[in-house]
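Data from protein.cif: mmCIF, C-alpha atoms
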```
data_my_file
#
loop_
_atom_site.label_atom_id
_atom_site.label_comp_id
_atom_site.auth_asym_id
_atom_site.auth_seq_id
_atom_site.Cartn_x
_atom_site.Cartn_y
_atom_site.Cartn_z
CA MET A 208 79.32 86.93 104.98
CA ASN A 209 77.82 89.12 107.71
CA LYS A 210 78.09 92.90 107.82
CA ASP A 211 80.68 93.01 110.60
CA ASP A 212 82.97 90.76 108.56
CA LEU A 213 82.52 93.02 105.54
CA LEU A 214 83.50 96.06 107.59
CA TYR A 215 86.52 94.25 109.03
CA LYS A 216 87.70 93.18 105.59
CA TYR A 217 87.16 96.69 104.20
CA PHE A 218 89.35 98.31 106.83
CA SER A 219 91.99 95.59 106.46
CA ASN A 220 91.97 96.09 102.65
CA SER A 221 91.12 92.44 101.98
CA LEU A 222 87.72 92.60 100.24
CA THR A 223 87.39 90.61 97.04
CA LEU A 224 85.80 92.26 94.00
CA LYS A 225 82.49 90.50 94.69
CA GLU A 226 82.60 91.51 98.35
CA THR A 227 83.39 95.09 97.30
CA GLN A 228 80.23 95.14 95.17
CA THR A 229 78.17 93.82 98.10
CA PHE A 230 79.79 96.38 100.40
CA ASN A 231 78.97 99.28 98.06
CA GLU A 232 75.38 98.08 97.63
CA LEU A 233 74.92 97.98 101.41
CA LEU A 234 76.29 101.51 101.71
CA GLU A 235 73.68 102.71 99.23
CA GLN A 236 70.72 100.68 100.52
CA ASP A 237 71.27 100.04 104.25
CA ALA A 238 71.22 103.22 106.37
CA ALA A 239 72.28 101.40 109.56
CA PHE A 240 75.24 99.79 107.81
CA LYS A 241 76.31 103.15 106.38
CA ALA A 242 76.05 104.78 109.82
CA GLN A 243 78.21 102.04 111.35
CA PHE A 244 80.74 102.41 108.54
CA GLU A 245 80.94 106.20 109.00
CA PHE A 246 81.38 105.77 112.76
CA GLU A 247 84.23 103.28 112.38
CA LYS A 248 85.89 105.36 109.64
CA ASN A 249 85.80 108.48 111.82
CA LEU A 250 87.07 106.51 114.80
CA LYS A 251 90.03 105.17 112.83
CA SER A 252 90.81 108.66 111.55
CA ALA A 253 90.85 109.98 115.11
CA ILE A 254 93.10 107.12 116.26
CA LYS A 255 95.42 107.68 113.32
CA GLU A 256 95.76 111.38 114.08
CA THR A 257 96.42 110.75 117.79
CA GLU A 258 99.00 108.03 117.15
CA SER A 259 100.71 110.12 114.50
CA ARG A 260 101.20 112.95 116.99
CA LYS A 261 102.55 110.55 119.61
CA LEU A 262 105.03 108.95 117.22
CA LYS A 263 106.27 112.31 115.98
CA ALA A 264 106.70 113.53 119.55
CA ARG A 265 108.64 110.38 120.47
CA LEU A 266 110.97 110.82 117.50
CA LYS A 267 111.68 114.39 118.57
CA GLU A 268 112.45 113.19 122.11
CA VAL A 269 114.99 110.68 120.81
CA GLU A 270 116.63 113.32 118.63
CA GLN A 271 116.78 115.73 121.58
CA ASP A 272 118.30 113.06 123.83
CA LEU A 273 121.00 112.42 121.24
CA ALA A 274 121.74 116.12 120.92
CA ASN A 275 122.07 116.61 124.70
CA THR A 276 124.18 113.53 125.46
CA THR A 277 127.94 113.87 126.00
CA ILE A 278 129.73 111.04 124.26
CA LYS A 279 133.05 109.77 125.59
CA PRO A 280 135.86 109.23 123.11
CA GLY A 281 137.08 105.85 122.01
CA LYS A 282 135.23 102.56 121.81
CA THR A 283 132.38 103.72 124.02
CA ARG A 284 131.61 106.43 121.48
CA PHE A 285 131.29 103.88 118.70
CA ASN A 286 128.98 101.60 120.70
CA TYR A 287 126.82 104.49 121.80
CA GLN A 288 126.50 105.81 118.30
CA MET A 289 125.42 102.40 117.07
CA PHE A 290 122.81 102.25 119.83
CA ALA A 291 121.61 105.77 119.05
CA VAL A 292 121.24 104.99 115.36
CA ALA A 293 119.37 101.79 116.17
CA ALA A 294 117.01 103.65 118.51
CA SER A 295 116.29 106.26 115.86
CA ILE A 296 115.60 103.56 113.29
CA VAL A 297 113.19 101.78 115.64
CA VAL A 298 111.22 104.97 116.23
CA PHE A 299 111.26 105.84 112.53
CA LEU A 300 110.08 102.38 111.53
CA GLY A 301 107.30 102.66 114.07
CA TRP A 302 106.21 105.88 112.40
CA PHE A 303 106.70 104.55 108.87
CA GLY A 304 105.01 101.23 109.63
CA TYR A 305 102.00 102.93 111.15
CA ASN A 306 101.50 105.15 108.15
CA THR A 307 101.97 102.21 105.80
CA LEU A 308 99.31 100.24 107.66
CA PHE A 309 96.77 103.02 108.04
CA GLY A 310 97.80 105.30 105.18
CA LEU A 311 95.98 105.97 101.95
CA ASN A 312 95.27 102.90 99.84
CA TYR A 313 94.97 104.26 96.30
CA ASN A 314 93.92 100.95 94.76
CA ARG A 315 91.15 100.47 97.31
CA LEU A 316 89.94 104.03 96.79
CA TYR A 317 89.89 103.42 93.05
CA GLN A 318 88.06 100.10 93.32
CA ASP A 319 85.47 101.53 95.70
CA ASN A 320 84.53 104.27 93.25
CA TYR A 321 85.11 102.85 89.80
CA LYS A 322 82.23 101.57 87.71
CA THR A 323 82.35 101.03 83.97
CA TYR A 324 80.37 103.79 82.31
CA PRO A 325 77.36 102.36 80.45
CA ASN A 326 76.74 102.75 76.75
CA THR A 327 74.40 105.74 76.55
CA VAL A 328 75.20 106.65 72.95
CA TYR A 329 74.26 103.80 70.66
CA SER A 330 71.13 101.74 71.21
CA ILE A 331 71.77 98.10 70.32
CA THR A 332 68.73 95.97 69.56
CA ARG A 333 68.27 92.46 68.27
CA GLY A 334 67.66 92.28 64.58
CA ASP A 335 69.50 95.53 63.98
CA ALA A 336 70.86 95.19 60.45
CA ASN A 337 73.22 98.15 60.79
CA ASN A 338 76.78 96.93 60.28
CA SER A 339 78.48 100.25 61.00
CA LEU A 340 81.79 100.53 62.83
CA GLU A 341 80.03 102.46 65.58
CA ARG A 342 77.64 99.60 66.23
CA ALA A 343 80.52 97.10 66.19
CA ALA A 344 82.46 99.20 68.70
CA PHE A 345 79.60 99.46 71.17
CA VAL A 346 78.64 95.79 70.76
CA ALA A 347 82.21 94.90 71.73
CA TYR A 348 82.12 97.45 74.57
CA GLU A 349 78.92 96.02 76.05
CA ALA A 350 80.31 92.49 75.66
CA GLU A 351 83.40 93.62 77.64
CA ASP A 352 85.62 92.78 74.69
CA TYR A 353 87.67 95.89 75.32
CA LYS A 354 90.56 95.08 73.00
CA GLN A 355 88.17 94.81 70.08
CA ALA A 356 86.25 97.87 71.25
CA VAL A 357 89.30 100.11 71.41
CA ALA A 358 90.54 98.89 68.03
CA THR A 359 87.19 99.76 66.46
CA PHE A 360 86.95 103.11 68.24
CA LYS A 361 90.36 103.95 66.79
CA GLU A 362 89.02 103.31 63.30
CA ILE A 363 86.01 105.51 63.97
CA GLU A 364 88.19 108.29 65.36
CA GLN A 365 89.88 108.73 62.00
CA THR A 366 86.68 110.18 60.53
CA ASN A 367 84.53 111.01 63.57
CA LYS A 368 86.03 113.47 66.08
CA ALA A 369 82.98 113.52 68.38
CA SER A 370 83.95 113.79 72.05
CA TYR A 371 82.01 110.66 72.99
CA ILE A 372 84.40 108.57 70.88
CA SER A 373 87.35 109.82 72.94
CA PHE A 374 85.39 109.31 76.15
CA TYR A 375 84.59 105.67 75.43
CA MET A 376 88.12 105.07 74.23
CA GLY A 377 89.24 106.34 77.63
CA GLN A 378 86.86 103.87 79.25
CA THR A 379 88.24 100.95 77.27
CA TYR A 380 91.82 101.95 78.07
CA LEU A 381 90.94 102.07 81.77
CA GLU A 382 89.51 98.57 81.56
CA LEU A 383 92.70 97.45 79.82
CA GLU A 384 94.75 99.28 82.50
CA ASN A 385 96.48 101.43 79.90
CA LEU A 386 96.38 104.40 82.24
CA GLU A 387 98.43 106.87 80.23
CA ALA A 388 96.28 106.33 77.14
CA ALA A 389 93.12 106.66 79.25
CA LYS A 390 94.42 109.92 80.71
CA THR A 391 95.09 111.32 77.24
CA MET A 392 91.57 110.47 76.06
CA PHE A 393 89.83 112.04 79.07
CA GLU A 394 91.96 115.17 78.75
CA LYS A 395 90.93 115.39 75.09
CA VAL A 396 87.24 115.24 76.08
CA ILE A 397 87.72 118.02 78.64
CA GLU A 398 89.45 120.21 76.07
CA THR A 399 86.47 119.95 73.70
CA GLU A 400 84.13 121.42 76.35
CA LYS A 401 81.26 119.45 74.80
CA ASP A 402 79.71 116.09 75.74
CA PHE A 403 80.86 113.98 78.71
CA VAL A 404 83.06 116.70 80.24
CA PRO A 405 81.91 116.17 83.87
CA GLU A 406 82.22 112.42 83.44
CA ALA A 407 85.70 112.88 81.96
CA HIS A 408 86.80 114.87 85.03
CA TRP A 409 85.54 112.05 87.26
CA TYR A 410 87.27 109.26 85.38
CA LEU A 411 90.43 111.32 84.95
CA ALA A 412 90.49 111.76 88.74
CA LEU A 413 90.14 107.99 89.16
CA THR A 414 92.93 107.47 86.63
CA TYR A 415 95.19 109.71 88.70
CA LEU A 416 94.25 107.74 91.82
CA LYS A 417 95.28 104.57 90.05
CA LEU A 418 98.55 106.32 89.15
CA LYS A 419 98.89 107.38 92.83
CA ASN A 420 99.02 111.02 91.79
CA LYS A 421 97.20 112.61 94.70
CA THR A 422 97.73 116.22 93.61
CA GLN A 423 96.24 115.84 90.13
CA ALA A 424 93.40 113.67 91.42
CA LYS A 425 92.43 116.48 93.79
CA VAL A 426 92.58 119.03 90.96
CA GLN A 427 90.07 117.04 88.90
CA LEU A 428 87.80 116.34 91.88
CA ASN A 429 87.76 119.98 92.95
CA THR A 430 86.88 121.03 89.40
CA LEU A 431 84.05 118.51 89.40
CA VAL A 432 82.72 119.66 92.78
CA ASN A 433 82.94 123.37 92.01
CA THR A 434 81.57 123.25 88.47
CA TYR A 435 79.29 120.24 88.00
CA THR A 436 76.83 118.03 89.86
CA TYR A 437 77.93 114.67 88.42
CA ASN A 438 79.09 112.37 91.27
CA LYS A 439 79.54 115.44 93.47
CA GLU A 440 78.95 113.60 96.75
CA LYS A 441 81.38 110.84 95.85
CA ALA A 442 83.96 113.41 94.80
CA LEU A 443 83.61 115.17 98.16
CA GLU A 444 84.07 111.86 99.99
CA ILE A 445 87.27 111.10 98.07
CA LEU A 446 88.60 114.61 98.72
CA ASP A 447 87.97 114.05 102.41
CA ARG A 448 89.97 110.81 102.26
CA LEU A 449 92.81 112.53 100.40
CA ASP A 450 93.17 115.37 102.93
#
```
What is this structure when it is put down as structure tokens?
Amino acid sequence: MNKDDLLYKYFSNSLTLKETQTFNELLEQDAAFKAQFEFEKNLKSAIKETESRKLKARLKEVEQDLANTTIKPGKTRFNYQMFAVAASIVVFLGWFGYNTLFGLNYNRLYQDNYKTYPNTVYSITRGDANNSLERAAFVAYEAEDYKQAVATFKEIEQTNKASYISFYMGQTYLELENLEAAKTMFEKVIETEKDFVPEAHWYLALTYLKLKNKTQAKVQLNTLVNTYTYNKEKALEILDRLD
């Protein structure tokens, strides 16, 4: 697939997961592609703002026309009212449809920014004779067996309260799309004020995006931007999209 097709599919929200990966790689590695993407994104934002103003102005005009029109009694009144209601609905649907088409796509924003956090805690090597629960949990995590991973992390959590256990449990819950459980784990990491706190803010923000909670997503992203350096540029980009 050529780059123009990738851009078209991005803005029409129809990229597959594999195409999304290719798209993100091009953004990181191809300066010309990134420049074209930024140009088209800014152009669409400008068009959206202009059209939004026009649609709002048109709706106000219709409302004003209705307010200033003298309606005759009887059957004519009924027919006119029906027409007036229909006209208002048409204008409203134009406004609503436009915002639905060009509005914020939370799932796309999540997919564009989510990457499974790698295992940076436990080094797994061939021939390792250690049969600990911790090793079993991270072996399952790296093998993308997230149900087994979360079950083992739960066992570990009973005796080991280290923040990284909660963080990786949050990761496994995200992969399993158990968003409320993931949110709880990331909040627990942040409360400890120890390891993985910046990362927890980032993934908690993504969790809120998945939950379509714009307000709380912005809270986490602003905390990340103002306090830490982890994924700061990406956080700023998302905040720009959310405004």
Residue neighbourhood Phe230 (chain A), 12 Å, all atoms listed in the file, exclusion window fewer than 2 positions, as a ChimeraX atom specification: /A:208-218,222-228,232-237,240-241,244,318-320
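Using the PyMOL selection byres ((chain A and resi 341) around 8) on the file at hand returns these residues: Tyr329, Ser339, Leu340, Arg342, Ala343, Ala344, Phe345, Thr359, Phe360 and Ile363 of chain A.
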Explicit residues for the PyMOL selection byres ((chain A and resi 426-442) around 7) (as a PyMOL selection string): chain A and resi 405-406+408-409+411-412+422-425+443-446
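Take CA of Thr229 (chain A) and CA of Leu449 (chain A): the distance between them is 23.9 Å.
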Atom pair CA of Ile254 (chain A) / CA of Asn314 (chain A): separation (Å): 22.4 Å
Given the PyMOL selection byres ((chain A and resi 402) around 12), the residues it picks as a ChimeraX atom specification: /A:327-328,368-375,393,395-401,403-408
Only C-alpha atoms, please: the residues just picked out, written as a compact mmCIF listing (two decimals), keeping the file's coordinate frame.
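Output contents, as saved in result_32.txt:
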```txt
# COMPACT_ATOMS: atom_id res chain seq x y z
CA THR A 327 74.40 105.74 76.55
CA VAL A 328 75.20 106.65 72.95
CA LYS A 368 86.03 113.47 66.08
CA ALA A 369 82.98 113.52 68.38
CA SER A 370 83.95 113.79 72.05
CA TYR A 371 82.01 110.66 72.99
CA ILE A 372 84.40 108.57 70.88
CA SER A 373 87.35 109.82 72.94
CA PHE A 374 85.39 109.31 76.15
CA TYR A 375 84.59 105.67 75.43
CA PHE A 393 89.83 112.04 79.07
CA LYS A 395 90.93 115.39 75.09
CA VAL A 396 87.24 115.24 76.08
CA ILE A 397 87.72 118.02 78.64
CA GLU A 398 89.45 120.21 76.07
CA THR A 399 86.47 119.95 73.70
CA GLU A 400 84.13 121.42 76.35
CA LYS A 401 81.26 119.45 74.80
CA PHE A 403 80.86 113.98 78.71
CA VAL A 404 83.06 116.70 80.24
CA PRO A 405 81.91 116.17 83.87
CA GLU A 406 82.22 112.42 83.44
CA ALA A 407 85.70 112.88 81.96
CA HIS A 408 86.80 114.87 85.03
```
